Amino acid sequence: MGIFKTMGLREIINASGKMTALGASAVSDEIADSLRKAAQDYVDIDELMEYTGKVIAESTGAEDGCPVVGAAAGIAIATAAVIAGENLSLIEKIPDTAGIRNEVIVQKGQLVHFGASIGQMIRIGGGKVIEVGQANKVEKEHIEQAVTEKTAALMYIKSHHAVQKGMQPLETMLDIAQRYQLPFIIDAAAEEDFQKYIRFGADIVIYSGGKALAGPTSGMICGKKQLMTACRKQYKGVGRPMKIGKEGMAGLITALKQYPFKSSNTEQQMERMTALCRKLEKIDGLRCSIKQDEAGREIYRAQIQVDENKTGFSAEKLLYLLESGNPAIYLRHHYVNVGILSVDPRPLLPGQEDSIAEAIINIISEGKKK
Ligand SMILES: *Cc1c(COP(=O)(O)O)cnc(C)c1O
């Protein structure tokens, strides 16, 4: 029996993806083992932090790295690093940065809520958020005209949460950053290619350890050597209340050494989701198809279109009933307003797709009896 079930908490079937609110990832045995071993041992934390930085560098192709407790902490620490550098007096002042170079330029459609606000994470790191353009339209000029002698960095948020259309591409941001010799930071929290943005030329890239990496509660910053030294030094300041422990670092290292693990995964995802769709399509009013991730990642989800007139349930209602059941079933609901629910195969334990089909079919056929 799972540890949370023994506490009397509901069993969760997570088909919604790497959701922080559901515990992000369930780690492999090897990662779990390293968490336990680290918890039961001592180490010089600075040494471990530098070592972890080297492992991050190897995995990402960056010059160096800095472990963090999550990508949100990564945003705050990276911001603090570009503002305070390795200067201890400044590090101890953060987030108070009045009078010094502290502006971080972000396109308006990318200042999103990922569970908390990107802008707030920047402010915690001492950054003053300079949002440019409009929510659905940003011109190159908007970005360029925002650069002043107080600009500390340009930041790009690569995320399905962000507005995809009308924003300036990475290339434009990089070009402007390079022309004005400003650090270019990319928040790639949920991305699964850990080398792409470093190769692209970003100075700092931030990833979550609990999302694509399927690691423990953790995250990583990678990038230029001097900036990574500055990132690690922020643990003497604003980083302290968001410190990653020895367990998190050991787990992150093991997770990085196991990655990539996805090669045979795509076919398996498709097979499981196709089997689920076949079952659901027997129900009048449900249509089901396989859809690749909106952000183009190698994730193939079952997309269920719910016809309220035929099933007697709106997608919202169905979602609610599944979430409040026991086991509680969480589906992805980005498109629930247009009657679509999605099943993310990545976090599903073996056979759980069958439990999902069963629960949906039960709800609808019970409803019809009434
Ligand atoms: C999830 C996410 C974060 C936060 O990541 P954590 O590892 O949970 O701190 C930050 N930015 C984006 C775009 C995200 O999707």
# chains A, B, ... in the order shown; residues from 1 in each chain; ligands from 1

$ residues_around --residues "Phe313 in chain A" --least-positions-apart "3" --cutoff "10 Å" --atoms "only C-alpha atoms" --output "VMD selection string"
chain A and resid 285 306 to 310 316 to 319 321 339 363 to 364 367 to 368

$ residues_around --residues "range 136-146 of chain A" --least-positions-apart "6" --cutoff "9 Å" --atoms "only C-alpha atoms" --output "JSON, numbers by chain"
{"A": [105, 106, 107, 108, 109, 130, 154, 163, 164, 165, 166, 167, 168, 172, 173, 176]}

$ atom_distance --atom1 "CA of Arg10 in chain A" --atom2 "CA of Ile329 in chain A"
10.1 Å

$ residues_near_ligand --ligand "ligand 1" --cutoff "6 Å" --atoms "only C-alpha atoms and all ligand atoms" --output "PyMOL selection string"
chain A and resi 20+70-73+114+157+159+187+189-190+208+219

$ residues_around --residues "Asn326 in chain A" --least-positions-apart "3" --cutoff "12 Å" --atoms "only C-alpha atoms" --output "list of chain:residue names"
A:Lys5, A:Gly8, A:Leu9, A:Arg10, A:Glu11, A:Ile12, A:Ile13, A:Leu321, A:Leu322, A:Glu323, A:Ile329, A:Tyr330, A:Ser355, A:Ile356, A:Ala359

$ select_by_dssp --residues "range 182-344 of chain A" --states "strand (DSSP E or B)" --output "ChimeraX atom specification"
/A:184-187,204-208,219-223,286-292,300-306,328-332,340-343

$ write_last_selection --atoms "C-alpha atoms" --output "PDB file, in the first residue's frame"
ATOM      1  CA  PHE A 184      19.708  35.743 -22.001  1.00  0.00           C
ATOM      2  CA  ILE A 185      17.770  33.475 -19.624  1.00  0.00           C
ATOM      3  CA  ILE A 186      15.358  30.769 -20.791  1.00  0.00           C
ATOM      4  CA  ASP A 187      12.841  29.188 -18.441  1.00  0.00           C
ATOM      5  CA  ILE A 204      21.240  30.539 -18.583  1.00  0.00           C
ATOM      6  CA  VAL A 205      18.626  27.791 -18.960  1.00  0.00           C
ATOM      7  CA  ILE A 206      16.324  26.617 -16.169  1.00  0.00           C
ATOM      8  CA  TYR A 207      14.670  23.194 -15.897  1.00  0.00           C
ATOM      9  CA  SER A 208      12.446  21.487 -13.400  1.00  0.00           C
ATOM     10  CA  GLY A 219      15.494  21.688 -10.527  1.00  0.00           C
ATOM     11  CA  MET A 220      18.593  22.863 -12.316  1.00  0.00           C
ATOM     12  CA  ILE A 221      20.130  25.931 -13.804  1.00  0.00           C
ATOM     13  CA  CYS A 222      22.778  25.510 -16.484  1.00  0.00           C
ATOM     14  CA  GLY A 223      24.858  27.944 -18.458  1.00  0.00           C
ATOM     15  CA  LEU A 286     -17.546  10.106 -26.719  1.00  0.00           C
ATOM     16  CA  ARG A 287     -14.984  10.582 -29.456  1.00  0.00           C
ATOM     17  CA  CYS A 288     -11.373   9.786 -28.763  1.00  0.00           C
ATOM     18  CA  SER A 289      -8.198  10.348 -30.747  1.00  0.00           C
ATOM     19  CA  ILE A 290      -4.436  10.512 -30.173  1.00  0.00           C
ATOM     20  CA  LYS A 291      -2.902  13.978 -30.176  1.00  0.00           C
ATOM     21  CA  GLN A 292       0.713  15.057 -29.906  1.00  0.00           C
ATOM     22  CA  TYR A 300       0.984  11.404 -27.191  1.00  0.00           C
ATOM     23  CA  ARG A 301      -2.220  11.921 -25.260  1.00  0.00           C
ATOM     24  CA  ALA A 302      -5.705  10.499 -25.714  1.00  0.00           C
ATOM     25  CA  GLN A 303      -8.066  13.363 -26.391  1.00  0.00           C
ATOM     26  CA  ILE A 304     -11.649  12.690 -25.384  1.00  0.00           C
ATOM     27  CA  GLN A 305     -14.391  14.835 -26.873  1.00  0.00           C
ATOM     28  CA  VAL A 306     -17.498  14.738 -24.696  1.00  0.00           C
ATOM     29  CA  ALA A 328      -9.366  10.152  -7.578  1.00  0.00           C
ATOM     30  CA  ILE A 329      -8.692  10.379 -11.314  1.00  0.00           C
ATOM     31  CA  TYR A 330      -7.076  13.521 -12.659  1.00  0.00           C
ATOM     32  CA  LEU A 331      -7.271  14.183 -16.380  1.00  0.00           C
ATOM     33  CA  ARG A 332      -5.767  17.107 -18.270  1.00  0.00           C
ATOM     34  CA  ILE A 340     -12.288  18.080 -24.371  1.00  0.00           C
ATOM     35  CA  LEU A 341     -10.482  16.055 -21.687  1.00  0.00           C
ATOM     36  CA  SER A 342      -7.052  14.504 -22.228  1.00  0.00           C
ATOM     37  CA  VAL A 343      -5.262  11.527 -20.777  1.00  0.00           C
TER      38      VAL A 343
END

$ closest_residue --among "A:Val129, A:Ile83, A:Met19, A:Met1" --to "Ala214 in chain A" --atoms "only C-alpha atoms"
A:Met19

$ closest_residue --among "A:Ala250, A:Ile75, A:Val238, A:Ile283" --to "Glu92 in chain A" --atoms "only C-alpha atoms"
A:Val238

$ atom_distance --atom1 "CA of Ala76 in chain A" --atom2 "CA of Gly239 in chain A"
8.0 Å

$ atom_distance --atom1 "CA of Tyr259 in chain A" --atom2 "CA of Gln110 in chain A"
28.1 Å

$ residues_around --residues "range 30-32 of chain A" --least-positions-apart "2" --cutoff "7 Å" --atoms "only C-alpha atoms" --output "mmCIF file with C-alpha atoms, in the first residue's frame"
data_model
loop_
_atom_site.group_PDB
_atom_site.id
_atom_site.type_symbol
_atom_site.label_atom_id
_atom_site.label_comp_id
_atom_site.auth_asym_id
_atom_site.auth_seq_id
_atom_site.Cartn_x
_atom_site.Cartn_y
_atom_site.Cartn_z
ATOM 1 C CA VAL A 27 10.684 8.423 -9.199
ATOM 2 C CA SER A 28 12.442 5.202 -10.243
ATOM 3 C CA SER A 34 19.830 7.597 -3.818
ATOM 4 C CA LEU A 35 17.409 9.819 -1.868
ATOM 5 C CA ARG A 36 17.472 7.408 1.047
ATOM 6 C CA GLY A 251 18.317 12.309 -6.541
ATOM 7 C CA THR A 254 20.786 9.915 -10.384
ATOM 8 C CA ALA A 255 17.893 11.190 -12.488
#

$ closest_residue --among "A:Ile360, A:Asp354, A:Cys277, A:Glu149" --to "Ala315 in chain A" --atoms "only C-alpha atoms"
A:Ile360

$ residues_around --residues "Ile100 in chain A" --least-positions-apart "5" --cutoff "12 Å" --atoms "only C-alpha atoms" --output "list in words"
Ala80, Val82, Ile83, Ala84, Leu90, Lys93, Ile94, Pro95, Gly126, Gly127, Lys128, Glu149, Lys150, Thr151 and Ala152 of chain A

$ decode --residues "range 341-357 of chain A" --atoms "all heavy atoms" --output "PDB file, in the first residue's frame"
ATOM      1  N   LEU A 341     -11.328  16.496 -22.804  1.00  0.00           N
ATOM      2  CA  LEU A 341     -10.482  16.055 -21.687  1.00  0.00           C
ATOM      3  C   LEU A 341      -9.352  15.220 -22.273  1.00  0.00           C
ATOM      4  O   LEU A 341      -9.557  14.520 -23.265  1.00  0.00           O
ATOM      5  CB  LEU A 341     -11.300  15.198 -20.718  1.00  0.00           C
ATOM      6  CG  LEU A 341     -12.471  15.902 -20.015  1.00  0.00           C
ATOM      7  CD1 LEU A 341     -13.290  14.886 -19.221  1.00  0.00           C
ATOM      8  CD2 LEU A 341     -11.960  17.005 -19.100  1.00  0.00           C
ATOM      9  N   SER A 342      -8.169  15.284 -21.687  1.00  0.00           N
ATOM     10  CA  SER A 342      -7.052  14.504 -22.228  1.00  0.00           C
ATOM     11  C   SER A 342      -6.446  13.597 -21.161  1.00  0.00           C
ATOM     12  O   SER A 342      -6.443  13.930 -19.982  1.00  0.00           O
ATOM     13  CB  SER A 342      -5.946  15.417 -22.748  1.00  0.00           C
ATOM     14  OG  SER A 342      -6.448  16.302 -23.694  1.00  0.00           O
ATOM     15  N   VAL A 343      -5.937  12.481 -21.654  1.00  0.00           N
ATOM     16  CA  VAL A 343      -5.262  11.527 -20.777  1.00  0.00           C
ATOM     17  C   VAL A 343      -3.779  11.544 -21.123  1.00  0.00           C
ATOM     18  O   VAL A 343      -3.394  11.277 -22.263  1.00  0.00           O
ATOM     19  CB  VAL A 343      -5.830  10.108 -20.975  1.00  0.00           C
ATOM     20  CG1 VAL A 343      -5.071   9.106 -20.110  1.00  0.00           C
ATOM     21  CG2 VAL A 343      -7.315  10.082 -20.660  1.00  0.00           C
ATOM     22  N   ASP A 344      -2.961  11.878 -20.149  1.00  0.00           N
ATOM     23  CA  ASP A 344      -1.518  11.918 -20.353  1.00  0.00           C
ATOM     24  C   ASP A 344      -0.938  10.573 -19.925  1.00  0.00           C
ATOM     25  O   ASP A 344      -1.054  10.188 -18.759  1.00  0.00           O
ATOM     26  CB  ASP A 344      -0.922  13.052 -19.500  1.00  0.00           C
ATOM     27  CG  ASP A 344       0.508  13.356 -19.890  1.00  0.00           C
ATOM     28  OD1 ASP A 344       1.278  12.396 -20.096  1.00  0.00           O
ATOM     29  OD2 ASP A 344       0.854  14.533 -19.977  1.00  0.00           O
ATOM     30  N   PRO A 345      -0.322   9.847 -20.852  1.00  0.00           N
ATOM     31  CA  PRO A 345       0.136   8.491 -20.501  1.00  0.00           C
ATOM     32  C   PRO A 345       1.372   8.465 -19.617  1.00  0.00           C
ATOM     33  O   PRO A 345       1.633   7.466 -18.951  1.00  0.00           O
ATOM     34  CB  PRO A 345       0.461   7.874 -21.860  1.00  0.00           C
ATOM     35  CG  PRO A 345       0.785   9.030 -22.741  1.00  0.00           C
ATOM     36  CD  PRO A 345      -0.060  10.179 -22.255  1.00  0.00           C
ATOM     37  N   ARG A 346       2.138   9.557 -19.552  1.00  0.00           N
ATOM     38  CA  ARG A 346       3.445   9.499 -18.868  1.00  0.00           C
ATOM     39  C   ARG A 346       3.365   9.120 -17.398  1.00  0.00           C
ATOM     40  O   ARG A 346       4.146   8.282 -16.942  1.00  0.00           O
ATOM     41  CB  ARG A 346       4.191  10.828 -19.020  1.00  0.00           C
ATOM     42  CG  ARG A 346       4.621  11.130 -20.434  1.00  0.00           C
ATOM     43  CD  ARG A 346       5.145  12.539 -20.528  1.00  0.00           C
ATOM     44  NE  ARG A 346       4.147  13.504 -20.090  1.00  0.00           N
ATOM     45  CZ  ARG A 346       4.385  14.763 -19.785  1.00  0.00           C
ATOM     46  NH1 ARG A 346       5.601  15.216 -19.822  1.00  0.00           N
ATOM     47  NH2 ARG A 346       3.401  15.566 -19.426  1.00  0.00           N
ATOM     48  N   PRO A 347       2.487   9.756 -16.627  1.00  0.00           N
ATOM     49  CA  PRO A 347       2.507   9.426 -15.194  1.00  0.00           C
ATOM     50  C   PRO A 347       1.693   8.187 -14.828  1.00  0.00           C
ATOM     51  O   PRO A 347       1.674   7.812 -13.656  1.00  0.00           O
ATOM     52  CB  PRO A 347       1.899  10.680 -14.549  1.00  0.00           C
ATOM     53  CG  PRO A 347       1.083  11.314 -15.603  1.00  0.00           C
ATOM     54  CD  PRO A 347       1.603  10.884 -16.931  1.00  0.00           C
ATOM     55  N   LEU A 348       1.046   7.553 -15.793  1.00  0.00           N
ATOM     56  CA  LEU A 348       0.169   6.427 -15.455  1.00  0.00           C
ATOM     57  C   LEU A 348       0.960   5.180 -15.097  1.00  0.00           C
ATOM     58  O   LEU A 348       1.878   4.790 -15.809  1.00  0.00           O
ATOM     59  CB  LEU A 348      -0.742   6.097 -16.637  1.00  0.00           C
ATOM     60  CG  LEU A 348      -1.887   7.055 -16.925  1.00  0.00           C
ATOM     61  CD1 LEU A 348      -2.721   6.509 -18.081  1.00  0.00           C
ATOM     62  CD2 LEU A 348      -2.753   7.252 -15.688  1.00  0.00           C
ATOM     63  N   LEU A 349       0.586   4.563 -13.993  1.00  0.00           N
ATOM     64  CA  LEU A 349       1.182   3.280 -13.637  1.00  0.00           C
ATOM     65  C   LEU A 349       0.517   2.208 -14.504  1.00  0.00           C
ATOM     66  O   LEU A 349      -0.570   2.436 -15.055  1.00  0.00           O
ATOM     67  CB  LEU A 349       0.974   3.010 -12.139  1.00  0.00           C
ATOM     68  CG  LEU A 349       1.510   4.115 -11.208  1.00  0.00           C
ATOM     69  CD1 LEU A 349       1.217   3.797  -9.745  1.00  0.00           C
ATOM     70  CD2 LEU A 349       3.006   4.326 -11.410  1.00  0.00           C
ATOM     71  N   PRO A 350       1.158   1.025 -14.647  1.00  0.00           N
ATOM     72  CA  PRO A 350       0.614   0.002 -15.549  1.00  0.00           C
ATOM     73  C   PRO A 350      -0.857  -0.318 -15.253  1.00  0.00           C
ATOM     74  O   PRO A 350      -1.239  -0.491 -14.100  1.00  0.00           O
ATOM     75  CB  PRO A 350       1.501  -1.214 -15.273  1.00  0.00           C
ATOM     76  CG  PRO A 350       2.779  -0.642 -14.778  1.00  0.00           C
ATOM     77  CD  PRO A 350       2.421   0.618 -14.040  1.00  0.00           C
ATOM     78  N   GLY A 351      -1.644  -0.356 -16.299  1.00  0.00           N
ATOM     79  CA  GLY A 351      -3.041  -0.763 -16.162  1.00  0.00           C
ATOM     80  C   GLY A 351      -3.990   0.352 -15.758  1.00  0.00           C
ATOM     81  O   GLY A 351      -5.204   0.172 -15.813  1.00  0.00           O
ATOM     82  N   GLN A 352      -3.462   1.493 -15.370  1.00  0.00           N
ATOM     83  CA  GLN A 352      -4.366   2.558 -14.896  1.00  0.00           C
ATOM     84  C   GLN A 352      -5.242   3.124 -16.013  1.00  0.00           C
ATOM     85  O   GLN A 352      -6.301   3.684 -15.740  1.00  0.00           O
ATOM     86  CB  GLN A 352      -3.572   3.677 -14.207  1.00  0.00           C
ATOM     87  CG  GLN A 352      -3.089   3.275 -12.824  1.00  0.00           C
ATOM     88  CD  GLN A 352      -2.441   4.425 -12.063  1.00  0.00           C
ATOM     89  OE1 GLN A 352      -1.916   5.363 -12.651  1.00  0.00           O
ATOM     90  NE2 GLN A 352      -2.471   4.328 -10.733  1.00  0.00           N
ATOM     91  N   GLU A 353      -4.799   2.958 -17.285  1.00  0.00           N
ATOM     92  CA  GLU A 353      -5.651   3.427 -18.378  1.00  0.00           C
ATOM     93  C   GLU A 353      -6.968   2.642 -18.377  1.00  0.00           C
ATOM     94  O   GLU A 353      -8.015   3.171 -18.739  1.00  0.00           O
ATOM     95  CB  GLU A 353      -4.939   3.365 -19.738  1.00  0.00           C
ATOM     96  CG  GLU A 353      -4.559   1.987 -20.233  1.00  0.00           C
ATOM     97  CD  GLU A 353      -3.180   1.545 -19.721  1.00  0.00           C
ATOM     98  OE1 GLU A 353      -2.743   2.034 -18.665  1.00  0.00           O
ATOM     99  OE2 GLU A 353      -2.556   0.688 -20.384  1.00  0.00           O
ATOM    100  N   ASP A 354      -6.902   1.386 -17.938  1.00  0.00           N
ATOM    101  CA  ASP A 354      -8.132   0.582 -17.859  1.00  0.00           C
ATOM    102  C   ASP A 354      -9.059   1.115 -16.765  1.00  0.00           C
ATOM    103  O   ASP A 354     -10.278   1.180 -16.945  1.00  0.00           O
ATOM    104  CB  ASP A 354      -7.795  -0.894 -17.580  1.00  0.00           C
ATOM    105  CG  ASP A 354      -6.942  -1.492 -18.690  1.00  0.00           C
ATOM    106  OD1 ASP A 354      -7.035  -1.000 -19.846  1.00  0.00           O
ATOM    107  OD2 ASP A 354      -6.169  -2.423 -18.419  1.00  0.00           O
ATOM    108  N   SER A 355      -8.466   1.497 -15.624  1.00  0.00           N
ATOM    109  CA  SER A 355      -9.287   2.058 -14.537  1.00  0.00           C
ATOM    110  C   SER A 355      -9.957   3.354 -14.980  1.00  0.00           C
ATOM    111  O   SER A 355     -11.086   3.640 -14.584  1.00  0.00           O
ATOM    112  CB  SER A 355      -8.431   2.358 -13.309  1.00  0.00           C
ATOM    113  OG  SER A 355      -7.654   1.241 -12.970  1.00  0.00           O
ATOM    114  N   ILE A 356      -9.258   4.123 -15.803  1.00  0.00           N
ATOM    115  CA  ILE A 356      -9.828   5.388 -16.278  1.00  0.00           C
ATOM    116  C   ILE A 356     -11.021   5.107 -17.192  1.00  0.00           C
ATOM    117  O   ILE A 356     -12.103   5.689 -17.032  1.00  0.00           O
ATOM    118  CB  ILE A 356      -8.760   6.223 -17.024  1.00  0.00           C
ATOM    119  CG1 ILE A 356      -7.661   6.655 -16.045  1.00  0.00           C
ATOM    120  CG2 ILE A 356      -9.387   7.434 -17.704  1.00  0.00           C
ATOM    121  CD1 ILE A 356      -6.461   7.297 -16.708  1.00  0.00           C
ATOM    122  N   ALA A 357     -10.825   4.188 -18.140  1.00  0.00           N
ATOM    123  CA  ALA A 357     -11.915   3.843 -19.072  1.00  0.00           C
ATOM    124  C   ALA A 357     -13.127   3.353 -18.279  1.00  0.00           C
ATOM    125  O   ALA A 357     -14.262   3.796 -18.504  1.00  0.00           O
ATOM    126  CB  ALA A 357     -11.443   2.775 -20.052  1.00  0.00           C
TER     127      ALA A 357
END
